[in-house]
$ cat model_10.csv   # CSV, C-alpha atoms
chain,number,residue,atom,x,y,z
A,1253,MET,CA,0.0,0.0,0.0
A,1254,GLU,CA,2.8,2.4,0.9
A,1255,SER,CA,4.7,1.7,-2.2
A,1256,PHE,CA,1.6,2.2,-4.3
A,1257,CYS,CA,1.2,5.6,-2.7
A,1258,GLU,CA,4.8,6.5,-3.3
A,1259,ALA,CA,4.7,5.4,-6.9
A,1260,SER,CA,1.5,7.2,-7.7
A,1261,ILE,CA,2.9,10.4,-6.1
A,1262,VAL,CA,6.0,10.2,-8.1
A,1263,PHE,CA,3.9,9.6,-11.2
A,1264,ALA,CA,1.7,12.6,-10.4
A,1265,ILE,CA,4.8,14.8,-10.0
A,1266,TYR,CA,6.2,13.5,-13.3
A,1267,MET,CA,3.0,14.3,-15.2
A,1268,PHE,CA,2.7,17.7,-13.4
A,1269,ILE,CA,6.2,18.7,-14.4
A,1270,TYR,CA,5.5,17.5,-17.9
A,1271,PHE,CA,2.4,19.7,-18.3
A,1272,ALA,CA,3.8,22.7,-16.3
A,1273,SER,CA,6.9,22.9,-18.4
A,1274,ARG,CA,4.9,22.8,-21.5
A,1275,MET,CA,2.5,25.5,-20.4
A,1276,THR,CA,5.1,27.8,-18.9
A,1277,LEU,CA,7.2,27.6,-22.0
A,1278,ILE,CA,4.3,28.3,-24.3
A,1279,ALA,CA,3.1,31.2,-22.1
A,1280,MET,CA,6.5,32.8,-22.0
A,1281,PHE,CA,6.9,32.5,-25.8
A,1282,GLY,CA,3.4,33.9,-26.4
A,1283,GLY,CA,3.7,36.7,-24.0
A,1284,TYR,CA,7.0,37.9,-25.5
A,1285,ILE,CA,5.7,37.9,-29.0
A,1286,THR,CA,2.5,39.6,-28.0
A,1287,LYS,CA,4.3,42.5,-26.3
A,1288,THR,CA,7.0,43.2,-29.0
A,1289,THR,CA,5.4,42.5,-32.4
A,1290,SER,CA,2.7,44.5,-34.0
A,1291,VAL,CA,0.0,43.0,-36.2
A,1292,SER,CA,1.4,44.4,-39.5
A,1293,GLU,CA,4.9,43.2,-38.8
A,1294,MET,CA,3.6,39.7,-38.0
A,1295,LEU,CA,1.4,39.6,-41.2
A,1296,GLU,CA,4.3,40.8,-43.4
A,1297,ALA,CA,6.8,38.3,-41.8
A,1298,LEU,CA,4.4,35.4,-42.3
A,1299,ASN,CA,3.7,36.6,-45.9
A,1300,ARG,CA,7.3,36.7,-46.8
A,1301,MET,CA,7.8,33.2,-45.5
A,1302,LYS,CA,5.2,32.1,-48.0
A,1303,VAL,CA,2.8,31.0,-45.3
A,1304,PRO,CA,-0.7,30.9,-46.8
A,1305,ARG,CA,-3.1,33.7,-45.8
A,1306,SER,CA,-5.5,31.2,-44.3
A,1307,ILE,CA,-3.1,30.5,-41.5
A,1308,GLY,CA,-1.3,33.8,-41.3
A,1309,ILE,CA,-4.3,36.0,-40.7
A,1310,PRO,CA,-5.9,33.9,-37.9
A,1311,PHE,CA,-2.5,33.5,-36.2
A,1312,SER,CA,-1.9,37.3,-36.1
A,1313,VAL,CA,-5.5,37.9,-34.9
A,1314,LEU,CA,-4.9,35.3,-32.2
A,1315,LEU,CA,-1.8,37.0,-30.9
A,1316,ARG,CA,-3.4,40.4,-30.9
A,1317,PHE,CA,-6.5,39.3,-29.1
A,1318,VAL,CA,-5.3,37.3,-26.1
A,1319,PRO,CA,-4.7,40.5,-24.0
A,1320,THR,CA,-8.2,41.8,-25.1
A,1321,ILE,CA,-9.7,38.6,-23.8
A,1322,LYS,CA,-8.1,39.1,-20.4
A,1323,ILE,CA,-9.4,42.6,-20.2
A,1324,GLU,CA,-12.9,41.5,-21.1
A,1325,LEU,CA,-12.9,38.7,-18.6
A,1326,LYS,CA,-11.9,41.1,-15.9
A,1327,ALA,CA,-14.7,43.5,-16.8
A,1328,LEU,CA,-17.2,40.6,-16.8
A,1329,LYS,CA,-16.1,39.5,-13.4
A,1330,GLU,CA,-16.5,42.9,-12.0
A,1331,ASN,CA,-19.9,43.2,-13.7
A,1332,MET,CA,-21.1,39.9,-12.1
A,1333,LYS,CA,-20.0,41.1,-8.7
A,1334,ILE,CA,-21.8,44.4,-9.0
A,1335,ARG,CA,-25.0,42.8,-10.1
A,1336,GLY,CA,-24.9,40.4,-7.2
A,1337,ILE,CA,-25.0,37.3,-9.3
A,1338,VAL,CA,-21.7,35.9,-7.9
A,1339,THR,CA,-21.9,36.4,-4.2
A,1340,SER,CA,-19.0,34.5,-2.6
A,1341,ARG,CA,-15.5,33.8,-3.7
A,1342,PHE,CA,-16.2,30.1,-3.9
A,1343,PHE,CA,-19.0,30.3,-6.4
A,1344,PRO,CA,-16.9,28.8,-9.2
A,1345,LEU,CA,-16.2,25.7,-7.1
A,1346,LEU,CA,-19.7,25.2,-5.8
A,1347,HIS,CA,-21.6,25.7,-9.1
A,1348,PRO,CA,-19.1,25.1,-11.9
A,1349,ILE,CA,-21.6,24.7,-14.7
A,1350,LYS,CA,-23.5,27.8,-13.9
A,1351,TYR,CA,-20.3,29.8,-13.6
A,1352,ILE,CA,-19.1,28.6,-16.9
A,1353,GLU,CA,-22.4,29.5,-18.5
A,1354,TYR,CA,-22.5,33.0,-16.9
A,1355,THR,CA,-18.9,33.7,-18.0
A,1356,LEU,CA,-18.8,32.1,-21.5
A,1357,VAL,CA,-22.0,33.3,-23.1
A,1358,PRO,CA,-21.5,37.1,-22.5
A,1359,LEU,CA,-17.8,36.7,-23.5
A,1360,LEU,CA,-18.8,35.1,-26.8
A,1361,MET,CA,-21.4,37.8,-27.5
A,1362,ARG,CA,-18.7,40.4,-27.0
A,1363,MET,CA,-16.4,38.5,-29.2
A,1364,ILE,CA,-18.9,38.3,-32.0
A,1365,LYS,CA,-19.4,42.0,-31.9
A,1366,ILE,CA,-15.6,42.7,-31.8
A,1367,SER,CA,-15.0,40.3,-34.7
A,1368,ASP,CA,-17.6,42.1,-36.8
A,1369,GLU,CA,-16.1,45.5,-36.1
A,1370,LEU,CA,-12.5,44.3,-36.7
A,1371,SER,CA,-13.4,42.5,-40.0
A,1372,ALA,CA,-15.2,45.7,-41.2
A,1373,SER,CA,-12.2,47.8,-40.5
A,1374,ALA,CA,-9.8,45.2,-42.1
A,1375,LEU,CA,-11.9,44.8,-45.2
A,1376,ILE,CA,-11.9,48.6,-45.7
A,1377,ARG,CA,-8.1,48.4,-45.6
A,1378,GLY,CA,-8.1,45.8,-48.3
A,1379,LEU,CA,-7.6,42.5,-46.5
A,1380,ASP,CA,-9.4,40.5,-49.1
A,1381,SER,CA,-7.7,41.6,-52.3
A,1382,ASP,CA,-5.3,39.3,-54.1
A,1383,GLU,CA,-2.9,42.1,-55.2
A,1384,LYS,CA,0.6,42.2,-54.0
A,1385,ARG,CA,0.9,44.1,-50.7
A,1386,VAL,CA,3.2,47.0,-49.9
A,1387,THR,CA,4.0,47.6,-46.3
A,1388,LEU,CA,5.7,50.2,-44.4
A,1389,THR,CA,7.5,47.9,-42.0
A,1390,GLU,CA,11.1,47.1,-42.8
A,1391,LEU,CA,12.0,43.5,-42.3
A,1392,ARG,CA,15.6,42.4,-42.8
A,1393,PHE,CA,17.7,39.5,-41.9
A,1394,ARG,CA,20.7,41.0,-40.3
A,1395,LYS,CA,23.9,39.6,-38.9
A,1396,THR,CA,22.5,39.8,-35.3
A,1397,ASP,CA,19.7,37.4,-36.3
A,1398,LEU,CA,22.2,35.0,-37.8
A,1399,MET,CA,24.4,35.0,-34.7
A,1400,ILE,CA,21.4,34.5,-32.4
A,1401,GLY,CA,20.2,31.6,-34.6
A,1402,LEU,CA,23.6,29.9,-34.5
A,1403,LEU,CA,23.8,30.4,-30.7
A,1404,GLY,CA,20.4,28.7,-30.3
A,1405,ALA,CA,21.4,25.8,-32.4
A,1406,PHE,CA,24.7,25.5,-30.5
A,1407,MET,CA,22.8,25.4,-27.1
A,1408,ILE,CA,20.6,22.7,-28.4
A,1409,ALA,CA,23.6,20.6,-29.5
A,1410,LEU,CA,25.2,21.2,-26.2
A,1411,MET,CA,22.2,20.0,-24.3
A,1412,ILE,CA,22.0,16.8,-26.4
A,1413,VAL,CA,25.7,16.1,-25.7
A,1414,ILE,CA,25.3,16.8,-22.0
A,1415,GLN,CA,22.4,14.4,-21.8
A,1416,ARG,CA,24.3,11.7,-23.5
A,1417,ILE,CA,27.3,12.0,-21.2
A,1418,TYR,CA,25.2,12.2,-18.0
B,666,MET,CA,-17.8,32.1,-54.4
B,667,LYS,CA,-20.0,31.1,-51.5
B,668,ASN,CA,-17.8,28.3,-50.4
B,669,LYS,CA,-14.4,29.8,-50.1
B,670,LEU,CA,-13.3,31.4,-46.9
B,671,ASN,CA,-13.0,35.2,-47.1
B,672,GLY,CA,-11.1,37.6,-45.0
B,673,ARG,CA,-14.1,38.0,-42.7
B,674,ASP,CA,-14.1,34.3,-41.9
B,675,PHE,CA,-10.4,34.3,-41.2
B,676,ILE,CA,-10.8,37.0,-38.6
B,677,THR,CA,-13.7,35.2,-37.0
B,678,ILE,CA,-11.8,32.0,-36.9
B,679,GLY,CA,-8.8,33.8,-35.4
B,680,ILE,CA,-10.7,35.5,-32.6
B,681,PHE,CA,-12.7,32.4,-31.5
B,682,ASN,CA,-9.6,30.2,-31.7
B,683,ALA,CA,-8.0,32.7,-29.3
B,684,ILE,CA,-10.7,32.0,-26.7
B,685,GLY,CA,-10.6,28.3,-27.4
B,686,ILE,CA,-6.9,28.0,-26.9
B,687,VAL,CA,-7.0,30.1,-23.7
B,688,ILE,CA,-9.7,27.8,-22.3
B,689,TYR,CA,-7.8,24.7,-23.5
B,690,MET,CA,-4.6,25.8,-21.7
B,691,ALA,CA,-6.3,26.8,-18.5
B,692,ALA,CA,-8.3,23.5,-18.3
B,693,SER,CA,-5.2,21.4,-19.2
B,694,PHE,CA,-3.1,23.0,-16.6
B,695,ALA,CA,-5.8,22.7,-13.9
B,696,MET,CA,-6.3,19.0,-14.7
B,697,ALA,CA,-2.7,18.1,-14.8
B,698,THR,CA,-2.2,18.6,-11.1
B,699,THR,CA,-4.1,15.5,-10.2
B,700,VAL,CA,-2.8,11.9,-10.7
B,701,ILE,CA,-5.4,10.8,-13.2
B,702,GLY,CA,-5.9,14.3,-14.7
B,703,GLY,CA,-3.1,14.0,-17.1
B,704,PHE,CA,-5.0,11.5,-19.1
B,705,ILE,CA,-8.4,13.1,-19.2
B,706,ALA,CA,-7.1,16.6,-19.5
B,707,SER,CA,-7.7,16.6,-23.2
B,708,GLY,CA,-11.3,15.4,-22.9
B,709,VAL,CA,-12.3,17.8,-20.1
B,710,SER,CA,-10.7,20.9,-21.8
B,711,PHE,CA,-12.4,20.1,-25.1
B,712,MET,CA,-15.7,19.6,-23.2
B,713,VAL,CA,-15.5,23.0,-21.7
B,714,ALA,CA,-14.3,24.7,-24.9
B,715,ALA,CA,-17.0,23.0,-27.1
B,716,THR,CA,-19.3,26.0,-27.0
B,717,VAL,CA,-16.6,28.2,-28.6
B,718,TYR,CA,-15.7,25.8,-31.4
B,719,ILE,CA,-19.3,24.9,-32.2
B,720,LEU,CA,-20.3,28.5,-32.3
B,721,MET,CA,-17.4,29.3,-34.6
B,722,ALA,CA,-18.3,26.4,-36.9
B,723,VAL,CA,-22.0,27.4,-37.1
B,724,LYS,CA,-21.1,31.1,-37.8
B,725,VAL,CA,-18.8,30.2,-40.6
B,726,LYS,CA,-20.6,27.5,-42.4
B,727,LYS,CA,-17.8,26.6,-44.8
B,728,LYS,CA,-15.3,23.8,-45.1
B,729,GLY,CA,-11.9,24.4,-43.6
B,730,VAL,CA,-12.8,25.8,-40.2
B,731,PHE,CA,-11.6,22.9,-38.2
B,732,THR,CA,-8.5,22.4,-40.4
B,733,ILE,CA,-7.4,25.9,-39.6
B,734,SER,CA,-8.3,25.5,-35.9
B,735,GLY,CA,-6.2,22.2,-35.8
B,736,THR,CA,-3.3,23.9,-37.4
B,737,LEU,CA,-3.3,26.8,-35.0
B,738,LEU,CA,-3.5,24.4,-32.0
B,739,GLY,CA,-0.7,22.4,-33.6
B,740,LEU,CA,1.4,25.6,-34.0
B,741,ILE,CA,1.0,26.5,-30.4
B,742,ALA,CA,1.9,22.9,-29.4
B,743,LEU,CA,4.9,23.0,-31.7
B,744,SER,CA,6.2,26.2,-30.0
B,745,GLY,CA,6.2,24.1,-26.8
B,746,GLY,CA,8.3,21.5,-28.5
B,747,HIS,CA,5.8,18.7,-28.9
B,748,LEU,CA,6.0,17.5,-32.5
B,749,PRO,CA,3.6,14.5,-32.3
B,750,HIS,CA,1.0,16.6,-30.7
B,751,ALA,CA,1.2,19.2,-33.5
B,752,VAL,CA,1.0,16.5,-36.2
B,753,PHE,CA,-2.0,14.8,-34.6
B,754,ALA,CA,-3.8,18.1,-34.1
B,755,VAL,CA,-3.5,19.0,-37.8
B,756,ILE,CA,-4.6,15.5,-38.9
B,757,GLY,CA,-7.5,15.6,-36.5
B,758,GLY,CA,-8.6,18.9,-37.9
B,759,ILE,CA,-8.6,17.6,-41.5
B,760,ILE,CA,-10.5,14.5,-40.5
B,761,CYS,CA,-13.0,16.5,-38.5
B,762,ASP,CA,-13.7,18.7,-41.6
B,763,LEU,CA,-14.2,15.6,-43.7
B,764,ILE,CA,-16.7,14.2,-41.2
B,765,ILE,CA,-18.7,17.4,-40.9
B,766,GLY,CA,-19.1,17.9,-44.6
B,767,ASN,CA,-21.8,20.4,-45.3
B,768,TYR,CA,-23.2,21.3,-41.9
B,769,GLU,CA,-26.4,19.5,-42.6
B,770,SER,CA,-27.0,17.6,-39.4
B,771,LYS,CA,-26.0,18.4,-35.8
B,772,GLY,CA,-25.2,14.8,-35.2
B,773,ARG,CA,-22.3,14.9,-37.6
B,774,MET,CA,-21.0,18.0,-36.0
B,775,VAL,CA,-21.0,16.4,-32.6
B,776,ILE,CA,-19.2,13.3,-33.8
B,777,GLY,CA,-16.7,15.3,-35.8
B,778,TYR,CA,-15.9,17.4,-32.8
B,779,GLY,CA,-15.4,14.2,-30.8
B,780,THR,CA,-12.8,12.9,-33.3
B,781,PHE,CA,-11.0,16.3,-33.1
B,782,ALA,CA,-10.7,15.9,-29.3
B,783,LEU,CA,-9.7,12.3,-29.8
B,784,ALA,CA,-6.9,13.2,-32.2
B,785,ASP,CA,-5.6,15.8,-29.7
B,786,PHE,CA,-5.7,13.2,-26.9
B,787,LEU,CA,-3.7,10.7,-29.0
B,788,GLY,CA,-1.2,13.4,-29.7
B,789,THR,CA,-0.5,14.0,-26.0
B,790,VAL,CA,-0.6,10.5,-24.8
B,791,ILE,CA,1.0,8.3,-27.5
B,792,PRO,CA,4.4,9.9,-27.1
B,793,VAL,CA,4.3,9.3,-23.3
B,794,ILE,CA,3.3,5.7,-23.8
B,795,LEU,CA,5.6,4.9,-26.7
B,796,PHE,CA,8.8,6.8,-25.7
B,797,GLY,CA,8.0,7.5,-22.1
B,798,THR,CA,8.7,4.1,-20.8
B,799,THR,CA,12.4,4.1,-21.6
B,800,SER,CA,13.0,7.6,-20.4
B,801,PHE,CA,11.0,7.0,-17.2
B,802,VAL,CA,13.1,3.9,-16.4
B,803,GLU,CA,16.3,5.8,-16.9
B,804,ARG,CA,15.2,8.7,-14.8
B,805,ALA,CA,13.7,6.5,-12.1
B,806,SER,CA,17.0,4.6,-11.7
B,807,LYS,CA,18.7,7.9,-11.1
B,808,TRP,CA,16.1,8.8,-8.5
B,809,LYS,CA,16.9,5.5,-6.8
B,810,MET,CA,13.5,4.0,-6.9
B,811,SER,CA,13.3,0.4,-6.1
B,812,GLU,CA,12.5,-2.3,-8.7
B,813,ALA,CA,9.0,-2.9,-7.4
B,814,GLN,CA,8.1,0.8,-7.5
B,815,ILE,CA,9.3,1.2,-11.1
B,816,ASN,CA,7.3,-1.8,-12.2
B,817,GLU,CA,4.2,-0.5,-10.4
B,818,ALA,CA,4.6,3.0,-12.0
B,819,LEU,CA,5.1,1.4,-15.4
B,820,SER,CA,2.0,-0.6,-15.0
B,821,TYR,CA,0.1,2.6,-15.8
B,822,PHE,CA,1.6,2.8,-19.2
B,823,LYS,CA,-0.4,0.0,-20.8
B,824,VAL,CA,-1.9,0.4,-24.2
B,825,SER,CA,-5.3,-0.9,-23.0
B,826,TRP,CA,-5.5,2.0,-20.6
B,827,ALA,CA,-4.8,4.4,-23.5
B,828,VAL,CA,-7.7,2.9,-25.5
B,829,GLY,CA,-10.0,3.2,-22.5
B,830,PHE,CA,-9.0,6.8,-21.9
B,831,GLY,CA,-9.4,7.6,-25.6
B,832,PHE,CA,-12.9,6.3,-25.4
B,833,ILE,CA,-13.7,8.4,-22.4
B,834,THR,CA,-12.2,11.5,-24.1
B,835,PHE,CA,-14.5,10.9,-27.1
B,836,ILE,CA,-17.5,10.6,-25.0
B,837,LEU,CA,-16.7,13.7,-22.9
B,838,ALA,CA,-16.1,15.7,-26.1
B,839,CYS,CA,-19.4,14.5,-27.6
B,840,ILE,CA,-21.2,15.5,-24.4
B,841,GLY,CA,-19.6,18.9,-24.6
B,842,ALA,CA,-20.6,19.4,-28.2
B,843,PHE,CA,-24.2,18.3,-27.5
B,844,VAL,CA,-24.5,20.7,-24.5
B,845,ALA,CA,-23.0,23.4,-26.8
B,846,THR,CA,-25.7,22.9,-29.3
B,847,ARG,CA,-28.3,23.3,-26.6
B,848,ILE,CA,-26.6,26.5,-25.3
B,849,LEU,CA,-26.5,27.8,-28.8
B,850,LYS,CA,-30.2,27.2,-29.2
B,851,LYS,CA,-31.0,28.7,-25.9
B,852,HIS,CA,-29.0,31.9,-26.0
B,853,PHE,CA,-27.7,32.7,-29.4
B,854,GLU,CA,-30.6,31.9,-31.7
B,855,LYS,CA,-32.8,34.2,-29.7
B,856,ALA,CA,-30.4,37.0,-30.1
B,857,GLY,CA,-30.4,36.5,-33.8
B,858,VAL,CA,-26.7,36.1,-34.1
B,859,ILE,CA,-26.6,32.9,-36.0

$ encode --input "model_10.csv" --output "structure tokens"
Amino acid sequence: MESFCEASIVFAIYMFIYFASRMTLIAMFGGYITKTTSVSEMLEALNRMKVPRSIGIPFSVLLRFVPTIKIELKALKENMKIRGIVTSRFFPLLHPIKYIEYTLVPLLMRMIKISDELSASALIRGLDSDEKRVTLTELRFRKTDLMIGLLGAFMIALMIVIQRIY
Amino acid sequence: MKNKLNGRDFITIGIFNAIGIVIYMAASFAMATTVIGGFIASGVSFMVAATVYILMAVKVKKKGVFTISGTLLGLIALSGGHLPHAVFAVIGGIICDLIIGNYESKGRMVIGYGTFALADFLGTVIPVILFGTTSFVERASKWKMSEAQINEALSYFKVSWAVGFGFITFILACIGAFVATRILKKHFEKAGVI
């Protein structure tokens, strides 16, 4: 019985570290790209790499809208507290299904409206045309990029060698 | 002309995928803290996010919605370094689109969404089962676990458990999609959005 508890605890820690490492890495990567890159730079970079528009446009919109979702969620939570729908702090744990419904449906309504406005403004700027696009952002592959790429590859090779030795 | 995705549809897909991926990440992380949660994390997160994906599919009634969604999920997984997860997500998206077809019946939408969740589950669990055994044995011998404990921990890595959990994931995702269609009928059709 005791060995079963120990083995399952070790297994739980193993799976937790697996998932936590995955989520933390993705969150860091996503946060960094969201804060430094603007939408037009991202679209132009993906276009130059010959990524098709059907993947490039949703990806840029995705990066641009994750902070907006956070802001909307915060506004929704304050709204629920003001109206007295969510009374205690443990409401999500006591009534999970109701909480999900109260949060998701208004959020999706807001998102529908936001998507309509955004697509109207993007269509006016010519998102849908098939002509070759001209952008104002300058994207060049300079020596710094090459050096950082080589440094990254070198670190990966170093890690593989260290794991083999150890 | 009616059947190709325009710019409007791309933006809609992008925005709803943003919500879907945020819900998927939050639910996966919350489920992974328990012992058994790592295996049903895929099913539960797709059950919660079903409303978002089904609403997106009904708003853009064209082919290719789930393919793009699968590709975006795969890109996010790829940036975390999990190549099999990314490949399975893209393949799951393509198969889901083939199953859904022309958006005639709701039953096909529910089953298609279930296969999408199933492909994602396979992407996370199959690498652990196929390759995890050897790496787990190596690491466990470094942690100085005894032989009996290693054997007991390895007994969780059986293929039959994977099949069982895959079935549970499919059922959970189908329940989620069915509840999503009811929520859509209750709230969104009255508002005249669809």

$ atom_distance --input "model_10.csv" --atom1 "CA of Ile1323 (chain A)" --atom2 "CA of Pro1358 (chain A)"
13.5 Å

$ closest_residue --input "model_10.csv" --among "B:Ala751, B:Leu737, B:Ile840, B:Leu849" --to "Ser1312 (chain A)" --atoms "all atoms listed in the file"
B:Leu737

$ residues_around --input "model_10.csv" --residues "Gly746 (chain B)" --least-positions-apart "4" --cutoff "12 Å" --atoms "only C-alpha atoms" --output "list in words"
Tyr1270, Phe1271, Ser1273, Arg1274, Met1275, Thr1276, Leu1277, Ile1278 and Phe1281 of chain A; Gly739, Leu740, Ile741, Ala742, His750, Ala751, Val752 and Thr789 of chain B

$ interface_residues --input "model_10.csv" --of "chain A" --to "chain B" --cutoff "7 Å" --atoms "all atoms listed in the file" --output "ChimeraX atom specification"
/A:1255,1259-1260,1263-1264,1267-1268,1271-1272,1274,1277-1278,1306-1307,1309-1311,1313-1314,1317-1318,1367,1371,1379-1380

$ residues_around --input "model_10.csv" --residues "Thr1389 (chain A)" --least-positions-apart "5" --cutoff "12 Å" --atoms "only C-alpha atoms" --output "ChimeraX atom specification"
/A:1289-1297

$ residues_around --input "model_10.csv" --residues "Ser770 (chain B)" --least-positions-apart "6" --cutoff "12 Å" --atoms "only C-alpha atoms" --output "list in words"
Val723, Ile764, Ile776, Gly777 and Thr846 of chain B

$ closest_residue --input "model_10.csv" --among "B:Ala715, B:Val755, B:Ile705, B:Ile794" --to "Ile1352 (chain A)" --atoms "all atoms listed in the file"
B:Ala715

$ residues_around --input "model_10.csv" --residues "Leu1325 (chain A)" --least-positions-apart "5" --cutoff "9 Å" --atoms "only C-alpha atoms" --output "PyMOL selection string"
chain A and resi 1320+1330+1355+1359

$ closest_residue --input "model_10.csv" --among "A:Ile1349, A:Thr1288, A:Lys1395, A:Leu1410" --to "Gly841 (chain B)" --atoms "only C-alpha atoms"
A:Ile1349

$ atom_distance --input "model_10.csv" --atom1 "CA of Gly1404 (chain A)" --atom2 "CA of Leu1391 (chain A)"
20.8 Å

$ atom_distance --input "model_10.csv" --atom1 "CA of Leu1398 (chain A)" --atom2 "CA of Ile1412 (chain A)"
21.5 Å

$ residues_around --input "model_10.csv" --residues "Phe753 (chain B)" --least-positions-apart "4" --cutoff "6 Å" --atoms "only C-alpha atoms" --output "PyMOL selection string"
chain B and resi 757+784+788

$ build_atoms --input "model_10.csv" --residues "region 1280-1294 of chain A" --atoms "N, CA and C atoms" --output "PDB file, in the frame of the given file"
ATOM      1  N   MET A1280       5.420  31.843 -21.914  1.00  0.00           N
ATOM      2  CA  MET A1280       6.500  32.800 -22.000  1.00  0.00           C
ATOM      3  C   MET A1280       6.692  33.248 -23.480  1.00  0.00           C
ATOM      4  N   PHE A1281       6.714  32.250 -24.367  1.00  0.00           N
ATOM      5  CA  PHE A1281       6.900  32.500 -25.800  1.00  0.00           C
ATOM      6  C   PHE A1281       5.797  33.440 -26.308  1.00  0.00           C
ATOM      7  N   GLY A1282       4.535  33.071 -25.958  1.00  0.00           N
ATOM      8  CA  GLY A1282       3.400  33.900 -26.400  1.00  0.00           C
ATOM      9  C   GLY A1282       3.402  35.270 -25.884  1.00  0.00           C
ATOM     10  N   GLY A1283       3.710  35.404 -24.583  1.00  0.00           N
ATOM     11  CA  GLY A1283       3.700  36.700 -24.000  1.00  0.00           C
ATOM     12  C   GLY A1283       4.752  37.626 -24.602  1.00  0.00           C
ATOM     13  N   TYR A1284       5.932  37.059 -24.887  1.00  0.00           N
ATOM     14  CA  TYR A1284       7.000  37.900 -25.500  1.00  0.00           C
ATOM     15  C   TYR A1284       6.603  38.369 -26.850  1.00  0.00           C
ATOM     16  N   ILE A1285       6.079  37.445 -27.665  1.00  0.00           N
ATOM     17  CA  ILE A1285       5.700  37.900 -29.000  1.00  0.00           C
ATOM     18  C   ILE A1285       4.596  38.872 -28.996  1.00  0.00           C
ATOM     19  N   THR A1286       3.640  38.693 -28.052  1.00  0.00           N
ATOM     20  CA  THR A1286       2.500  39.600 -28.000  1.00  0.00           C
ATOM     21  C   THR A1286       2.982  41.026 -27.666  1.00  0.00           C
ATOM     22  N   LYS A1287       3.977  41.136 -26.763  1.00  0.00           N
ATOM     23  CA  LYS A1287       4.300  42.500 -26.300  1.00  0.00           C
ATOM     24  C   LYS A1287       5.233  43.180 -27.337  1.00  0.00           C
ATOM     25  N   THR A1288       5.992  42.468 -28.161  1.00  0.00           N
ATOM     26  CA  THR A1288       7.000  43.200 -29.000  1.00  0.00           C
ATOM     27  C   THR A1288       6.551  43.316 -30.434  1.00  0.00           C
ATOM     28  N   THR A1289       5.660  42.474 -30.933  1.00  0.00           N
ATOM     29  CA  THR A1289       5.400  42.500 -32.400  1.00  0.00           C
ATOM     30  C   THR A1289       4.041  43.104 -32.637  1.00  0.00           C
ATOM     31  N   SER A1290       3.961  43.977 -33.630  1.00  0.00           N
ATOM     32  CA  SER A1290       2.700  44.500 -34.000  1.00  0.00           C
ATOM     33  C   SER A1290       2.033  43.650 -35.077  1.00  0.00           C
ATOM     34  N   VAL A1291       0.765  43.890 -35.340  1.00  0.00           N
ATOM     35  CA  VAL A1291       0.000  43.000 -36.200  1.00  0.00           C
ATOM     36  C   VAL A1291       0.570  43.067 -37.650  1.00  0.00           C
ATOM     37  N   SER A1292       0.907  44.304 -38.108  1.00  0.00           N
ATOM     38  CA  SER A1292       1.400  44.400 -39.500  1.00  0.00           C
ATOM     39  C   SER A1292       2.713  43.749 -39.691  1.00  0.00           C
ATOM     40  N   GLU A1293       3.587  43.853 -38.670  1.00  0.00           N
ATOM     41  CA  GLU A1293       4.900  43.200 -38.800  1.00  0.00           C
ATOM     42  C   GLU A1293       4.705  41.676 -38.882  1.00  0.00           C
ATOM     43  N   MET A1294       3.794  41.161 -38.030  1.00  0.00           N
ATOM     44  CA  MET A1294       3.600  39.700 -38.000  1.00  0.00           C
ATOM     45  C   MET A1294       3.012  39.240 -39.349  1.00  0.00           C
TER      46      MET A1294
END
